[in-house]
Structures are given as structure tokens and as C-alpha cells.
>>> print(open('data-v2.tsv').read())   # TSV, C-alpha atoms
chain	number	residue	atom	x	y	z
M	1	MET	CA	-59.24	-201.65	40.10
M	2	ILE	CA	-62.73	-201.74	41.56
M	3	ARG	CA	-63.77	-199.80	44.65
M	4	VAL	CA	-67.28	-200.27	46.07
M	5	SER	CA	-68.43	-198.60	49.25
M	6	ILE	CA	-71.75	-198.35	51.10
M	7	ASP	CA	-71.29	-195.91	53.93
M	8	PRO	CA	-73.35	-193.57	56.14
M	9	ALA	CA	-70.49	-191.04	56.05
M	10	PRO	CA	-70.58	-188.09	53.61
M	11	ILE	CA	-69.06	-188.77	50.17
M	12	GLU	CA	-65.67	-187.07	49.78
M	13	LEU	CA	-65.73	-186.06	46.12
M	14	ALA	CA	-62.18	-184.70	45.91
M	15	VAL	CA	-60.74	-187.82	47.53
M	16	GLU	CA	-62.64	-190.16	45.18
M	17	LEU	CA	-61.69	-188.20	42.05
M	18	ALA	CA	-58.03	-187.91	43.10
M	19	ALA	CA	-57.83	-191.69	43.62
M	20	LEU	CA	-59.16	-192.24	40.09
M	21	GLU	CA	-56.71	-189.70	38.61
M	22	GLU	CA	-53.84	-191.47	40.33
M	23	ARG	CA	-54.50	-194.51	38.14
M	24	GLY	CA	-52.69	-192.62	35.39
M	25	ALA	CA	-55.61	-192.73	32.99
M	26	GLY	CA	-56.08	-190.30	30.15
M	27	GLY	CA	-59.65	-189.70	31.21
M	28	VAL	CA	-61.76	-189.74	34.36
M	29	ALA	CA	-65.56	-189.48	34.15
M	30	SER	CA	-67.91	-189.22	37.09
M	31	PHE	CA	-71.54	-188.87	38.11
M	32	THR	CA	-72.62	-187.42	41.46
M	33	GLY	CA	-76.21	-187.79	42.65
M	34	VAL	CA	-77.40	-185.10	45.07
M	35	VAL	CA	-80.48	-185.18	47.33
M	36	ARG	CA	-83.17	-182.96	45.81
M	37	GLY	CA	-85.23	-180.65	47.99
M	38	ASP	CA	-88.28	-180.40	45.71
M	39	ASP	CA	-91.82	-181.10	46.91
M	40	GLY	CA	-90.91	-179.96	50.42
M	41	VAL	CA	-88.55	-182.88	51.11
M	42	THR	CA	-86.71	-182.15	54.36
M	43	ALA	CA	-84.71	-185.39	54.65
M	44	LEU	CA	-84.07	-188.59	52.74
M	45	GLU	CA	-83.40	-191.95	54.35
M	46	LEU	CA	-81.65	-194.73	52.43
M	47	GLU	CA	-82.21	-198.36	53.37
M	48	HIS	CA	-80.32	-201.23	51.73
M	49	TYR	CA	-79.82	-204.99	51.84
M	50	PRO	CA	-76.42	-205.51	53.52
M	51	GLY	CA	-74.40	-208.16	51.74
M	52	MET	CA	-76.50	-208.23	48.58
M	53	THR	CA	-75.89	-204.54	47.90
M	54	GLU	CA	-72.10	-204.92	47.89
M	55	GLN	CA	-72.36	-207.99	45.64
M	56	ALA	CA	-74.70	-206.18	43.24
M	57	LEU	CA	-72.37	-203.18	42.91
M	58	ILE	CA	-69.29	-205.37	42.42
M	59	ALA	CA	-71.14	-207.36	39.74
M	60	LEU	CA	-72.02	-204.11	37.92
M	61	ALA	CA	-68.44	-202.82	38.16
M	62	GLU	CA	-67.11	-206.14	36.81
M	63	ALA	CA	-69.64	-206.11	33.97
M	64	ALA	CA	-68.57	-202.55	33.07
M	65	CYS	CA	-64.91	-203.65	33.01
M	66	ALA	CA	-65.85	-206.53	30.68
M	67	ARG	CA	-67.78	-204.22	28.32
M	68	TRP	CA	-65.39	-201.25	28.25
M	69	SER	CA	-61.63	-200.95	28.61
M	70	LEU	CA	-61.34	-199.37	32.07
M	71	LEU	CA	-58.45	-198.78	34.44
M	72	ALA	CA	-60.64	-198.17	37.49
M	73	VAL	CA	-64.27	-198.08	38.65
M	74	THR	CA	-65.48	-196.47	41.88
M	75	MET	CA	-69.06	-196.84	43.15
M	76	VAL	CA	-69.91	-195.14	46.44
M	77	HIS	CA	-73.46	-195.05	47.81
M	78	ARG	CA	-74.39	-193.24	50.98
M	79	VAL	CA	-77.00	-194.83	53.29
M	80	GLY	CA	-78.88	-193.58	56.34
M	81	VAL	CA	-80.33	-190.09	56.76
M	82	MET	CA	-79.41	-187.25	54.39
M	83	VAL	CA	-80.67	-183.74	53.76
M	84	PRO	CA	-81.18	-181.84	50.48
M	85	GLY	CA	-77.82	-180.93	48.97
M	86	ASP	CA	-76.04	-184.00	50.37
M	87	ARG	CA	-74.30	-186.33	47.92
M	88	ILE	CA	-76.10	-189.66	47.77
M	89	VAL	CA	-74.13	-191.54	45.11
M	90	PHE	CA	-70.81	-191.24	43.29
M	91	ILE	CA	-69.81	-193.21	40.20
M	92	GLY	CA	-66.34	-192.70	38.76
M	93	THR	CA	-64.53	-194.39	35.88
M	94	ALA	CA	-60.97	-194.08	34.64
M	95	ALA	CA	-59.88	-195.10	31.15
M	96	GLN	CA	-57.25	-194.31	28.53
M	97	HIS	CA	-59.81	-192.46	26.44
M	98	ARG	CA	-62.89	-190.36	27.22
M	99	ARG	CA	-65.48	-192.41	25.35
M	100	GLU	CA	-64.87	-195.55	27.42
M	101	ALA	CA	-64.93	-193.61	30.69
M	102	LEU	CA	-68.05	-191.59	29.82
M	103	GLU	CA	-70.08	-194.50	28.44
M	104	ALA	CA	-69.21	-196.83	31.32
M	105	CYS	CA	-70.09	-194.14	33.86
M	106	ALA	CA	-73.50	-193.53	32.26
M	107	TRP	CA	-74.18	-197.27	32.06
M	108	LEU	CA	-73.22	-197.82	35.70
M	109	ILE	CA	-75.57	-195.20	37.12
M	110	ASP	CA	-78.44	-196.35	34.86
M	111	ARG	CA	-77.98	-199.96	35.98
M	112	LEU	CA	-77.42	-199.09	39.66
M	113	LYS	CA	-80.91	-197.55	39.66
M	114	THR	CA	-82.53	-200.86	38.71
M	115	ASP	CA	-80.07	-203.55	39.85
M	116	ALA	CA	-79.02	-202.64	43.40
M	117	PRO	CA	-81.21	-203.14	46.49
M	118	PHE	CA	-81.63	-199.62	47.87
M	119	TRP	CA	-84.87	-197.97	48.98
M	120	LYS	CA	-85.51	-194.24	49.52
M	121	ARG	CA	-87.85	-192.84	52.14
M	122	GLU	CA	-88.64	-189.13	51.91
M	123	GLN	CA	-89.37	-187.05	54.97
M	124	LEU	CA	-91.67	-184.06	54.36
M	125	GLY	CA	-91.81	-182.28	57.70
M	126	GLU	CA	-93.91	-184.61	59.87
M	127	ASP	CA	-94.89	-186.91	57.01
M	128	ALA	CA	-92.83	-189.66	55.39
M	129	ARG	CA	-93.31	-191.68	52.22
M	130	TRP	CA	-91.43	-194.44	50.40
M	131	VAL	CA	-90.30	-193.32	46.96
M	132	GLU	CA	-91.96	-195.25	44.12
M	133	ALA	CA	-89.80	-196.80	41.41
M	134	ARG	CA	-90.06	-194.95	38.09
M	135	ALA	CA	-90.66	-196.65	34.75
M	136	SER	CA	-88.24	-194.15	33.17
M	137	ASP	CA	-85.40	-195.66	35.25
M	138	ALA	CA	-86.17	-199.15	33.92
M	139	ASP	CA	-86.30	-197.71	30.37
M	140	ALA	CA	-82.93	-195.99	30.87
M	141	ALA	CA	-81.32	-199.23	32.02
M	142	ALA	CA	-82.93	-201.25	29.21
M	143	ARG	CA	-81.78	-198.96	26.41
M	144	TRP	CA	-78.21	-200.25	26.85
M	145	GLY	CA	-79.33	-203.80	25.97
M	146	SER	CA	-78.05	-206.87	27.77
M	147	ASP	CA	-74.53	-207.21	29.19
D	1	MET	CA	-85.76	-220.53	55.97
D	2	ASP	CA	-84.66	-216.98	56.84
D	3	LEU	CA	-86.93	-214.24	55.54
D	4	LEU	CA	-85.84	-210.61	55.19
D	5	TYR	CA	-88.15	-207.66	54.58
D	6	PHE	CA	-87.25	-204.17	53.45
D	7	ALA	CA	-88.86	-200.72	53.13
D	8	TRP	CA	-92.68	-200.68	53.46
D	9	VAL	CA	-92.83	-204.48	53.46
D	10	ARG	CA	-90.77	-204.43	56.68
D	11	GLU	CA	-92.88	-201.62	58.15
D	12	ARG	CA	-96.20	-203.34	57.47
D	13	ILE	CA	-95.04	-206.69	58.88
D	14	GLY	CA	-93.43	-205.00	61.87
D	15	THR	CA	-90.09	-206.81	61.65
D	16	GLY	CA	-87.15	-206.94	59.25
D	17	GLN	CA	-86.51	-210.65	59.58
D	18	GLU	CA	-88.01	-213.89	60.77
D	19	GLN	CA	-87.47	-217.62	60.45
D	20	VAL	CA	-90.24	-219.74	58.94
D	21	ASP	CA	-90.81	-223.35	58.02
D	22	PRO	CA	-93.39	-223.30	55.23
D	23	PRO	CA	-95.30	-226.46	54.25
D	24	GLU	CA	-94.17	-228.50	51.23
D	25	THR	CA	-96.99	-227.07	49.12
D	26	VAL	CA	-95.08	-223.75	49.15
D	27	ARG	CA	-92.84	-224.26	46.11
D	28	SER	CA	-92.34	-220.80	44.58
D	29	VAL	CA	-91.83	-217.24	45.79
D	30	ALA	CA	-95.45	-216.54	44.81
D	31	ASP	CA	-96.60	-219.51	46.91
D	32	LEU	CA	-94.57	-218.15	49.82
D	33	ILE	CA	-96.20	-214.72	49.48
D	34	GLY	CA	-99.64	-216.34	49.54
D	35	TRP	CA	-98.74	-218.42	52.60
D	36	LEU	CA	-97.18	-215.48	54.47
D	37	ALA	CA	-100.37	-213.45	53.97
D	38	THR	CA	-102.14	-215.83	56.37
D	39	ARG	CA	-99.67	-215.32	59.23
D	40	SER	CA	-100.86	-211.98	60.64
D	41	ALA	CA	-102.79	-208.83	59.75
D	42	GLY	CA	-99.47	-207.08	59.10
D	43	HIS	CA	-98.29	-209.85	56.77
D	44	ALA	CA	-101.65	-209.76	54.97
D	45	GLU	CA	-101.32	-206.01	54.42
D	46	ALA	CA	-97.73	-206.33	53.16
D	47	MET	CA	-98.60	-209.20	50.76
D	48	ARG	CA	-101.94	-207.74	49.58
D	49	GLU	CA	-100.63	-206.69	46.15
D	50	PRO	CA	-98.02	-209.27	45.03
D	51	GLU	CA	-97.51	-207.35	41.76
D	52	ARG	CA	-95.90	-204.56	43.85
D	53	LEU	CA	-93.39	-206.97	45.41
D	54	ARG	CA	-89.93	-208.01	44.25
D	55	ALA	CA	-87.82	-210.86	45.62
D	56	ALA	CA	-84.31	-212.19	46.06
D	57	ILE	CA	-83.25	-215.76	46.84
D	58	ASP	CA	-79.88	-216.08	48.56
D	59	GLN	CA	-79.12	-212.45	47.61
D	60	LYS	CA	-79.93	-212.76	43.87
D	61	PHE	CA	-82.95	-211.05	42.29
D	62	VAL	CA	-85.55	-213.56	41.09
D	63	SER	CA	-89.03	-213.35	39.56
D	64	LEU	CA	-92.02	-214.23	41.73
D	65	ASP	CA	-92.54	-217.50	39.86
D	66	ALA	CA	-89.02	-218.69	40.76
D	67	PRO	CA	-88.89	-222.01	42.64
D	68	LEU	CA	-87.68	-221.78	46.23
D	69	GLY	CA	-85.57	-224.92	45.82
D	70	ALA	CA	-83.01	-225.11	48.63
D	71	ALA	CA	-83.25	-221.39	49.41
D	72	ARG	CA	-81.70	-220.42	52.73
D	73	GLU	CA	-82.52	-216.70	52.63
D	74	VAL	CA	-85.50	-215.14	50.86
D	75	ALA	CA	-86.02	-211.37	50.81
D	76	LEU	CA	-89.24	-209.56	49.89
D	77	PHE	CA	-89.28	-205.85	49.13
D	78	PRO	CA	-90.74	-203.14	46.86
D	79	PRO	CA	-89.07	-202.23	43.53
D	80	VAL	CA	-85.66	-200.68	44.24
D	81	THR	CA	-85.16	-196.88	44.27
D	82	GLY	CA	-81.45	-196.23	44.80
D	83	GLY	CA	-79.08	-193.85	43.02
>>> encode(input="data-v2.tsv", output="C-alpha cells")
Amino acid sequence: MIRVSIDPAPIELAVELAALEERGAGGVASFTGVVRGDDGVTALELEHYPGMTEQALIALAEAACARWSLLAVTMVHRVGVMVPGDRIVFIGTAAQHRREALEACAWLIDRLKTDAPFWKREQLGEDARWVEARASDADAAARWGSD
Amino acid sequence: MDLLYFAWVRERIGTGQEQVDPPETVRSVADLIGWLATRSAGHAEAMREPERLRAAIDQKFVSLDAPLGAAREVALFPPVTGG
């Protein structure tokens, strides 16, 4: 079962995890990304490409299901304006055994960073700047090899 | 052809979308970027460094040398920064 959501509403961690546990898997793994407040960031705004974003996340979830034996994949990305401490992304995987769930979860967040059309804009008091892509994210995605 | 712009590309051009009818000499995404740069000062600023741009044709990522073919929707944007 694949669940993909792009939503301006706050991410409900307990609800997402409970839904994955209800799949009856032996293991549930998850990653939660939280807005950092370093460098004086006061707010973070997430822009995305409606339509393409959903397709990109579904394609990643399907690729993960083809590579690992999974019972469920959940990918939730918040968009719009957030503040430090807010959850920005949630990836959850359910599988019979921990290794499948953990590896698929790590792969999904690495690939989401490079393969989904989202853009971050940081607000620093009165100033704002678009976040630059990092080479380390491309390296992290590439280390898994091709699908 | 529908064009979509995101992040600082959108800000520099001053709009998130527009419809264009490029000449036949515009065959690839790179050609399109070069042609768009002539449309306004904002376009020129957004297209000034093509190596900082990424593209999608009909909602699939493509390289800048990709042919436009029968593209209906082309998006231009900076490298993605989600997650």
C-alpha cells in the first residue's frame, strides 16, 4: 500500500505511524525531517510543482516496493510556510523484517532529495534566500546505484 | 507550449507560467533557454546561467540537451531542494 501526500497542514506523526503499524508488519521504519533554526532562519517556505511532485513520489514509492519486500510505504511532504521545529517530511516503511524497512526508508529519503520537485526558501528576519542544492545530497542518492 | 517557472526562476521572470510559440529553430531545452533570454530583462536575468537551470518536459526531468519534440508543458527551475 502506497500513501503519498503533499499538504500545507502539519504532519501528524502518530497518525502516520499507527497507519503503518496497522498493516501487520513485523517492522516499521521512519524518517522525520524537521525545519532547522540554524543561521538565524525564522521561517521556511516550500514551493513545489503540483502534479509532477505527486507523480515523482509515487514513482519512488513504487521503485522501493520493487527493490525491497514492503507491505506499505508512506511519503508525506509539507508545503507552504513553516517555522523551526515543524516537521517538513515524513517517510515510513512497513515490512516483515527490519532490514527491508530500514534500507527502503533510507533510500526513499535520499532519492526524494534529488528526484522530487521541491524548492526551499529561507526567511532570515527581513531577508530571504533560496536554498542551494548540495552536492552531498546527490552523492547520497548516487551511492545506492541505479534502480 | 505552456511554460512553468519555479523558485528564483519564477521570481526573476515575474510570473510562474506563460504560453509561448517559439520558432522552429528552437529544438532543444537549451535552445528554448537561449530564446527565452531575449524576451525581457527578467527572462534574461533568469536564463543568464543555464548551468544553474534544470528542466522537465511534460512533468519528467530531462537534461538541457533534450529535444522539445511534441512537448506540451516545459518547466524551468533551479536544482531541487526538498526533504
>>> closest_atom_pairs(input="data-v2.tsv", of="chain M", to="chain D", cutoff="10 Å", atoms="all atoms listed in the file", output="JSON lines")
{"residue": "M:Thr32", "atom": "CA", "partner": "D:Gly83", "partner_atom": "CA", "distance": 9.2}
{"residue": "M:Gly33", "atom": "CA", "partner": "D:Gly83", "partner_atom": "CA", "distance": 6.7}
{"residue": "M:Val34", "atom": "CA", "partner": "D:Gly83", "partner_atom": "CA", "distance": 9.1}
{"residue": "M:Val35", "atom": "CA", "partner": "D:Gly83", "partner_atom": "CA", "distance": 9.8}
{"residue": "M:Leu46", "atom": "CA", "partner": "D:Gly82", "partner_atom": "CA", "distance": 7.8}
{"residue": "M:Glu47", "atom": "CA", "partner": "D:Ala7", "partner_atom": "CA", "distance": 7.1}
{"residue": "M:His48", "atom": "CA", "partner": "D:Phe6", "partner_atom": "CA", "distance": 7.7}
{"residue": "M:Tyr49", "atom": "CA", "partner": "D:Phe6", "partner_atom": "CA", "distance": 7.6}
{"residue": "M:Pro50", "atom": "CA", "partner": "D:Gln59", "partner_atom": "CA", "distance": 9.5}
{"residue": "M:Gly51", "atom": "CA", "partner": "D:Gln59", "partner_atom": "CA", "distance": 7.6}
{"residue": "M:Met52", "atom": "CA", "partner": "D:Gln59", "partner_atom": "CA", "distance": 5.1}
{"residue": "M:Thr53", "atom": "CA", "partner": "D:Gln59", "partner_atom": "CA", "distance": 8.5}
{"residue": "M:Gln55", "atom": "CA", "partner": "D:Gln59", "partner_atom": "CA", "distance": 8.3}
{"residue": "M:Ala56", "atom": "CA", "partner": "D:Lys60", "partner_atom": "CA", "distance": 8.4}
{"residue": "M:Val76", "atom": "CA", "partner": "D:Gly83", "partner_atom": "CA", "distance": 9.9}
{"residue": "M:His77", "atom": "CA", "partner": "D:Gly83", "partner_atom": "CA", "distance": 7.5}
{"residue": "M:Arg78", "atom": "CA", "partner": "D:Gly83", "partner_atom": "CA", "distance": 9.3}
{"residue": "M:Val79", "atom": "CA", "partner": "D:Gly82", "partner_atom": "CA", "distance": 9.7}
{"residue": "M:Ile88", "atom": "CA", "partner": "D:Gly83", "partner_atom": "CA", "distance": 7.0}
{"residue": "M:Val89", "atom": "CA", "partner": "D:Gly83", "partner_atom": "CA", "distance": 5.8}
{"residue": "M:Phe90", "atom": "CA", "partner": "D:Gly83", "partner_atom": "CA", "distance": 8.7}
{"residue": "M:Ile91", "atom": "CA", "partner": "D:Gly83", "partner_atom": "CA", "distance": 9.7}
{"residue": "M:Ile109", "atom": "CA", "partner": "D:Gly83", "partner_atom": "CA", "distance": 7.0}
{"residue": "M:Asp110", "atom": "CA", "partner": "D:Gly83", "partner_atom": "CA", "distance": 8.6}
{"residue": "M:Arg111", "atom": "CA", "partner": "D:Gly83", "partner_atom": "CA", "distance": 9.4}
{"residue": "M:Leu112", "atom": "CA", "partner": "D:Gly83", "partner_atom": "CA", "distance": 6.4}
{"residue": "M:Lys113", "atom": "CA", "partner": "D:Gly83", "partner_atom": "CA", "distance": 5.3}
{"residue": "M:Thr114", "atom": "CA", "partner": "D:Val80", "partner_atom": "CA", "distance": 6.4}
{"residue": "M:Asp115", "atom": "CA", "partner": "D:Val80", "partner_atom": "CA", "distance": 7.7}
{"residue": "M:Ala116", "atom": "CA", "partner": "D:Val80", "partner_atom": "CA", "distance": 7.0}
{"residue": "M:Pro117", "atom": "CA", "partner": "D:Val80", "partner_atom": "CA", "distance": 5.6}
{"residue": "M:Phe118", "atom": "CA", "partner": "D:Gly82", "partner_atom": "CA", "distance": 4.6}
{"residue": "M:Trp119", "atom": "CA", "partner": "D:Thr81", "partner_atom": "CA", "distance": 4.8}
{"residue": "M:Lys120", "atom": "CA", "partner": "D:Thr81", "partner_atom": "CA", "distance": 5.9}
{"residue": "M:Arg121", "atom": "CA", "partner": "D:Ala7", "partner_atom": "CA", "distance": 8.0}
{"residue": "M:Arg129", "atom": "CA", "partner": "D:Trp8", "partner_atom": "CA", "distance": 9.1}
{"residue": "M:Trp130", "atom": "CA", "partner": "D:Trp8", "partner_atom": "CA", "distance": 7.1}
{"residue": "M:Val131", "atom": "CA", "partner": "D:Thr81", "partner_atom": "CA", "distance": 6.8}
{"residue": "M:Glu132", "atom": "CA", "partner": "D:Thr81", "partner_atom": "CA", "distance": 7.0}
{"residue": "M:Ala133", "atom": "CA", "partner": "D:Thr81", "partner_atom": "CA", "distance": 5.5}
{"residue": "M:Arg134", "atom": "CA", "partner": "D:Thr81", "partner_atom": "CA", "distance": 8.1}
{"residue": "M:Asp137", "atom": "CA", "partner": "D:Thr81", "partner_atom": "CA", "distance": 9.1}
>>> closest_residue(input="data-v2.tsv", among="M:Asp39, M:Glu103, M:Glu12, M:Glu126", to="Arg87 (chain M)", atoms="all atoms listed in the file")
M:Glu12
>>> closest_residue(input="data-v2.tsv", among="D:Leu64, D:Val9, D:Val74, D:Ala44", to="Asp31 (chain D)", atoms="only C-alpha atoms")
D:Leu64
>>> atom_distance(input="data-v2.tsv", atom1="CA of Ala72 (chain M)", atom2="CA of Glu16 (chain M)")
11.3 Å
>>> residues_around(input="data-v2.tsv", residues="Arg3 (chain M)", least_positions_apart="5", cutoff="9 Å", atoms="only C-alpha atoms", output="PyMOL selection string")
chain M and resi 58+61+72-76
